[in-house]
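Engineer: Submitted below is the structure of interest, expressed as structure tokens.
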Amino acid sequence: MNAKVHELLNQQINKEFYSAYLYLDFSNYFEAVGLDGFANWYKIQAQEERDHAMLFYTYLQNESQTVTLDAIAKPDKTFTCHMDVLKAGLEHEEYVTSLINDIYAAAYDVRDFRTMQFLDWFVKEQGEEETNAHDLITKMELFGSDPKSLYMLNQELAARVYSAPSLVL
Ligand code: FEO
């Protein structure tokens with residue numbers, strides 16, 4: 001495997017675990033303010049991010065490449081309102097999309113078609129993650145200022161259940 005592609009894939013393990021840590025922190029914020037549905041939604045999001053990390057980890061191992069685990073950064077965002085959290089979520093997903101695109105571009109440059117095929121799933125997944133983050137912001141804009149509507153939205157998010165990723169390596 002090309003050294004740059006290898007390095008970027010290895011870094012992505014850490015980025016995905018950081019994403020899990022970040023969303024766990026979001027979940028923690030919502031738990032503290034009594035919005036358990038939002039807390040549930042982000043806790044499941046954190047589980048998905050751990051799955052993403054493990055997919056990169058397993059892909060490298062399957063390709064007989066070394067895996068190097070680094071320290072996971074501390075989530076350092078502070079929030080003054082619920083909307084801040086949702087916006088930080090969208091911003092983060094846009095950042096992750098840019099990382100996936102960077103790895104894809106590096107793989108493309110060296111005609112690493114297997115890595116490109118592996119990343120195709122993540123390209124689609126990032127589209128879905130950005131859509132979900134957008135939808136949450138829209139719903140909060142529409143309903144967040146009315147307590148009864150916020151209660152209903154919280155109930156809706158409480159219903160989210162975890163499902164394993166559709167990509168199996
Ligand atoms: Fe692993 Fe939310 O992208």
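Simple scheme: letters A, B, ... for chains in structure tokens order, numbers from 1 for residues in each chain, numbers from 1 for ligands in the order shown.
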Within 9 Å of A:Asp51, counting only C-alpha atoms, which residues show up once you throw out same-chain ones fewer than 4 positions away? Write them as a list in words, please.
Structural biologist: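 Residues meeting the cut-off are Glu16, Phe17, Ala46, Gln47, Leu55, Phe56, Ala164 and Pro165 of chain A.
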Engineer: Taking only C-alpha atoms and all ligand atoms and a cut-off of 9 Å, can you tell me which residues surround ligand 1, written as a list in words?
Structural biologist: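 Every residue with an atom at most 9 Å from ligand 1 is listed here: Gln12, Lys15, Glu16, Phe17, Ser19, Ala20, Gln45, Ala46, Glu48, Glu49, Arg50, Asp51, His52, Ala53, Gly89, His92, Glu93, Glu94, Val96, Thr97, Phe122, Glu125, Gln126, Glu129 and Glu130 of chain A.
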Engineer: May I have the residues from that selection written out with N, CA and C atoms, as a PDB file, in the first residue's frame?
Structural biologist:
ATOM      1  N   GLN A  12      -7.359   7.923  10.202  1.00  0.00           N
ATOM      2  CA  GLN A  12      -8.824   7.955  10.224  1.00  0.00           C
ATOM      3  C   GLN A  12      -9.393   7.096  11.368  1.00  0.00           C
ATOM      4  N   LYS A  15      -9.500   9.510  14.096  1.00  0.00           N
ATOM      5  CA  LYS A  15     -10.524  10.546  13.848  1.00  0.00           C
ATOM      6  C   LYS A  15     -11.918  10.004  14.143  1.00  0.00           C
ATOM      7  N   GLU A  16     -12.147   8.740  13.783  1.00  0.00           N
ATOM      8  CA  GLU A  16     -13.468   8.142  14.012  1.00  0.00           C
ATOM      9  C   GLU A  16     -13.697   7.872  15.504  1.00  0.00           C
ATOM     10  N   PHE A  17     -12.648   7.434  16.196  1.00  0.00           N
ATOM     11  CA  PHE A  17     -12.795   7.264  17.653  1.00  0.00           C
ATOM     12  C   PHE A  17     -13.014   8.627  18.315  1.00  0.00           C
ATOM     13  N   SER A  19     -14.565  11.087  16.918  1.00  0.00           N
ATOM     14  CA  SER A  19     -15.974  11.398  16.619  1.00  0.00           C
ATOM     15  C   SER A  19     -16.887  10.732  17.644  1.00  0.00           C
ATOM     16  N   ALA A  20     -16.581   9.476  17.970  1.00  0.00           N
ATOM     17  CA  ALA A  20     -17.376   8.756  18.979  1.00  0.00           C
ATOM     18  C   ALA A  20     -17.316   9.495  20.319  1.00  0.00           C
ATOM     19  N   GLN A  45     -25.165   7.542  17.847  1.00  0.00           N
ATOM     20  CA  GLN A  45     -24.222   8.118  16.880  1.00  0.00           C
ATOM     21  C   GLN A  45     -22.781   7.761  17.277  1.00  0.00           C
ATOM     22  N   ALA A  46     -22.507   7.817  18.571  1.00  0.00           N
ATOM     23  CA  ALA A  46     -21.166   7.455  19.066  1.00  0.00           C
ATOM     24  C   ALA A  46     -20.860   5.989  18.756  1.00  0.00           C
ATOM     25  N   GLU A  48     -22.019   4.279  16.257  1.00  0.00           N
ATOM     26  CA  GLU A  48     -21.745   4.197  14.810  1.00  0.00           C
ATOM     27  C   GLU A  48     -20.317   4.632  14.504  1.00  0.00           C
ATOM     28  N   GLU A  49     -19.848   5.653  15.216  1.00  0.00           N
ATOM     29  CA  GLU A  49     -18.485   6.146  14.981  1.00  0.00           C
ATOM     30  C   GLU A  49     -17.443   5.112  15.398  1.00  0.00           C
ATOM     31  N   ARG A  50     -17.716   4.401  16.481  1.00  0.00           N
ATOM     32  CA  ARG A  50     -16.805   3.311  16.879  1.00  0.00           C
ATOM     33  C   ARG A  50     -16.778   2.242  15.786  1.00  0.00           C
ATOM     34  N   ASP A  51     -17.949   1.968  15.218  1.00  0.00           N
ATOM     35  CA  ASP A  51     -18.003   1.009  14.097  1.00  0.00           C
ATOM     36  C   ASP A  51     -17.141   1.489  12.937  1.00  0.00           C
ATOM     37  N   HIS A  52     -17.226   2.782  12.628  1.00  0.00           N
ATOM     38  CA  HIS A  52     -16.425   3.330  11.524  1.00  0.00           C
ATOM     39  C   HIS A  52     -14.937   3.126  11.814  1.00  0.00           C
ATOM     40  N   ALA A  53     -14.544   3.444  13.052  1.00  0.00           N
ATOM     41  CA  ALA A  53     -13.129   3.275  13.438  1.00  0.00           C
ATOM     42  C   ALA A  53     -12.692   1.828  13.224  1.00  0.00           C
ATOM     43  N   GLY A  89     -22.357  19.419  15.446  1.00  0.00           N
ATOM     44  CA  GLY A  89     -22.473  18.095  14.828  1.00  0.00           C
ATOM     45  C   GLY A  89     -22.377  18.177  13.313  1.00  0.00           C
ATOM     46  N   HIS A  92     -18.860  19.116  12.298  1.00  0.00           N
ATOM     47  CA  HIS A  92     -17.945  17.981  12.441  1.00  0.00           C
ATOM     48  C   HIS A  92     -18.106  16.999  11.281  1.00  0.00           C
ATOM     49  N   GLU A  93     -19.352  16.714  10.903  1.00  0.00           N
ATOM     50  CA  GLU A  93     -19.569  15.780   9.787  1.00  0.00           C
ATOM     51  C   GLU A  93     -18.999  16.330   8.474  1.00  0.00           C
ATOM     52  N   GLU A  94     -19.114  17.631   8.274  1.00  0.00           N
ATOM     53  CA  GLU A  94     -18.538  18.237   7.065  1.00  0.00           C
ATOM     54  C   GLU A  94     -17.009  18.071   7.068  1.00  0.00           C
ATOM     55  N   VAL A  96     -15.404  15.604   8.624  1.00  0.00           N
ATOM     56  CA  VAL A  96     -15.114  14.181   8.370  1.00  0.00           C
ATOM     57  C   VAL A  96     -15.257  13.869   6.879  1.00  0.00           C
ATOM     58  N   THR A  97     -16.247  14.456   6.234  1.00  0.00           N
ATOM     59  CA  THR A  97     -16.400  14.274   4.783  1.00  0.00           C
ATOM     60  C   THR A  97     -15.133  14.730   4.061  1.00  0.00           C
ATOM     61  N   PHE A 122     -18.103   4.855   2.700  1.00  0.00           N
ATOM     62  CA  PHE A 122     -17.990   6.029   3.574  1.00  0.00           C
ATOM     63  C   PHE A 122     -18.445   7.311   2.864  1.00  0.00           C
ATOM     64  N   GLU A 125     -22.092   7.147   3.234  1.00  0.00           N
ATOM     65  CA  GLU A 125     -22.410   7.307   4.662  1.00  0.00           C
ATOM     66  C   GLU A 125     -22.291   8.776   5.076  1.00  0.00           C
ATOM     67  N   GLN A 126     -21.252   9.454   4.601  1.00  0.00           N
ATOM     68  CA  GLN A 126     -21.076  10.871   4.960  1.00  0.00           C
ATOM     69  C   GLN A 126     -22.224  11.724   4.425  1.00  0.00           C
ATOM     70  N   GLU A 129     -24.935  11.167   6.888  1.00  0.00           N
ATOM     71  CA  GLU A 129     -24.650  11.796   8.187  1.00  0.00           C
ATOM     72  C   GLU A 129     -24.882  13.314   8.115  1.00  0.00           C
ATOM     73  N   GLU A 130     -24.469  13.915   7.003  1.00  0.00           N
ATOM     74  CA  GLU A 130     -24.686  15.364   6.854  1.00  0.00           C
ATOM     75  C   GLU A 130     -26.182  15.676   6.747  1.00  0.00           C
TER      76      GLU A 130
END
Engineer: Using only C-alpha atoms, which protein or nucleic acid residues come within 9 Å of stretch 71-87 of chain A? Drop anything in the same chain fewer than 5 positions from it, and give the result as a JSON list (two decimals) with N, CA and C atoms, in the first residue's frame.
Structural biologist:
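The file below, result_32.json, is the result:
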[["chain", "number", "residue", "atom", "x", "y", "z"],
["A", 14, "ASN", "N", -8.21, 7.02, 14.33],
["A", 14, "ASN", "CA", -8.21, 7.96, 15.45],
["A", 14, "ASN", "C", -9.31, 9.01, 15.30],
["A", 15, "LYS", "N", -9.50, 9.51, 14.10],
["A", 15, "LYS", "CA", -10.52, 10.55, 13.85],
["A", 15, "LYS", "C", -11.92, 10.00, 14.14],
["A", 17, "PHE", "N", -12.65, 7.43, 16.20],
["A", 17, "PHE", "CA", -12.80, 7.26, 17.65],
["A", 17, "PHE", "C", -13.01, 8.63, 18.32],
["A", 18, "TYR", "N", -12.34, 9.67, 17.80],
["A", 18, "TYR", "CA", -12.59, 11.01, 18.34],
["A", 18, "TYR", "C", -14.05, 11.41, 18.10],
["A", 19, "SER", "N", -14.57, 11.09, 16.92],
["A", 19, "SER", "CA", -15.97, 11.40, 16.62],
["A", 19, "SER", "C", -16.89, 10.73, 17.64],
["A", 21, "TYR", "N", -16.12, 9.94, 20.68],
["A", 21, "TYR", "CA", -15.90, 10.64, 21.94],
["A", 21, "TYR", "C", -16.68, 11.97, 21.95],
["A", 22, "LEU", "N", -16.62, 12.66, 20.79],
["A", 22, "LEU", "CA", -17.31, 13.94, 20.66],
["A", 22, "LEU", "C", -18.83, 13.75, 20.83],
["A", 23, "TYR", "N", -19.37, 12.74, 20.17],
["A", 23, "TYR", "CA", -20.82, 12.52, 20.25],
["A", 23, "TYR", "C", -21.25, 12.02, 21.63],
["A", 25, "ASP", "N", -19.89, 13.14, 24.24],
["A", 25, "ASP", "CA", -19.92, 14.41, 24.97],
["A", 25, "ASP", "C", -21.22, 15.17, 24.68],
["A", 26, "PHE", "N", -21.67, 15.11, 23.43],
["A", 26, "PHE", "CA", -22.97, 15.73, 23.08],
["A", 26, "PHE", "C", -24.09, 15.04, 23.86],
["A", 29, "TYR", "N", -24.14, 16.22, 27.32],
["A", 29, "TYR", "CA", -24.76, 17.55, 27.43],
["A", 29, "TYR", "C", -26.28, 17.40, 27.54],
["A", 30, "PHE", "N", -26.87, 16.61, 26.62],
["A", 30, "PHE", "CA", -28.33, 16.49, 26.59],
["A", 30, "PHE", "C", -28.87, 15.72, 27.80],
["A", 92, "HIS", "N", -18.86, 19.12, 12.30],
["A", 92, "HIS", "CA", -17.95, 17.98, 12.44],
["A", 92, "HIS", "C", -18.11, 17.00, 11.28],
["A", 133, "ALA", "N", -27.69, 15.47, 10.20],
["A", 133, "ALA", "CA", -27.31, 16.63, 11.02],
["A", 133, "ALA", "C", -28.10, 17.88, 10.60],
["A", 134, "HIS", "N", -28.28, 18.04, 9.28],
["A", 134, "HIS", "CA", -29.10, 19.14, 8.76],
["A", 134, "HIS", "C", -30.54, 19.03, 9.26],
["A", 136, "LEU", "N", -31.75, 17.59, 11.88],
["A", 136, "LEU", "CA", -31.88, 17.90, 13.30],
["A", 136, "LEU", "C", -31.94, 19.41, 13.52],
["A", 137, "ILE", "N", -31.09, 20.14, 12.80],
["A", 137, "ILE", "CA", -31.06, 21.60, 12.93],
["A", 137, "ILE", "C", -32.40, 22.19, 12.47],
["A", 140, "MET", "N", -35.06, 21.53, 15.02],
["A", 140, "MET", "CA", -34.88, 22.39, 16.21],
["A", 140, "MET", "C", -35.29, 23.83, 15.90],
["A", 141, "GLU", "N", -35.00, 24.29, 14.69],
["A", 141, "GLU", "CA", -35.42, 25.64, 14.30],
["A", 141, "GLU", "C", -36.94, 25.75, 14.31],
["A", 144, "GLY", "N", -38.00, 23.94, 18.35],
["A", 144, "GLY", "CA", -37.22, 24.04, 19.59],
["A", 144, "GLY", "C", -37.71, 25.08, 20.58]]
Engineer: Rank nothing, just name the residue among A:Val67, A:Val5, A:Leu157, A:Ala32 nearest to A:Asp109, using only C-alpha atoms.
Structural biologist: A:Val5
Engineer: With distances taken over only C-alpha atoms, which of A:Gln11, A:Ser166, A:Thr115, A:Ser149 is nearest to A:Glu63?
Structural biologist: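 Ranked by minimum distance to A:Glu63, first place goes to A:Thr115.
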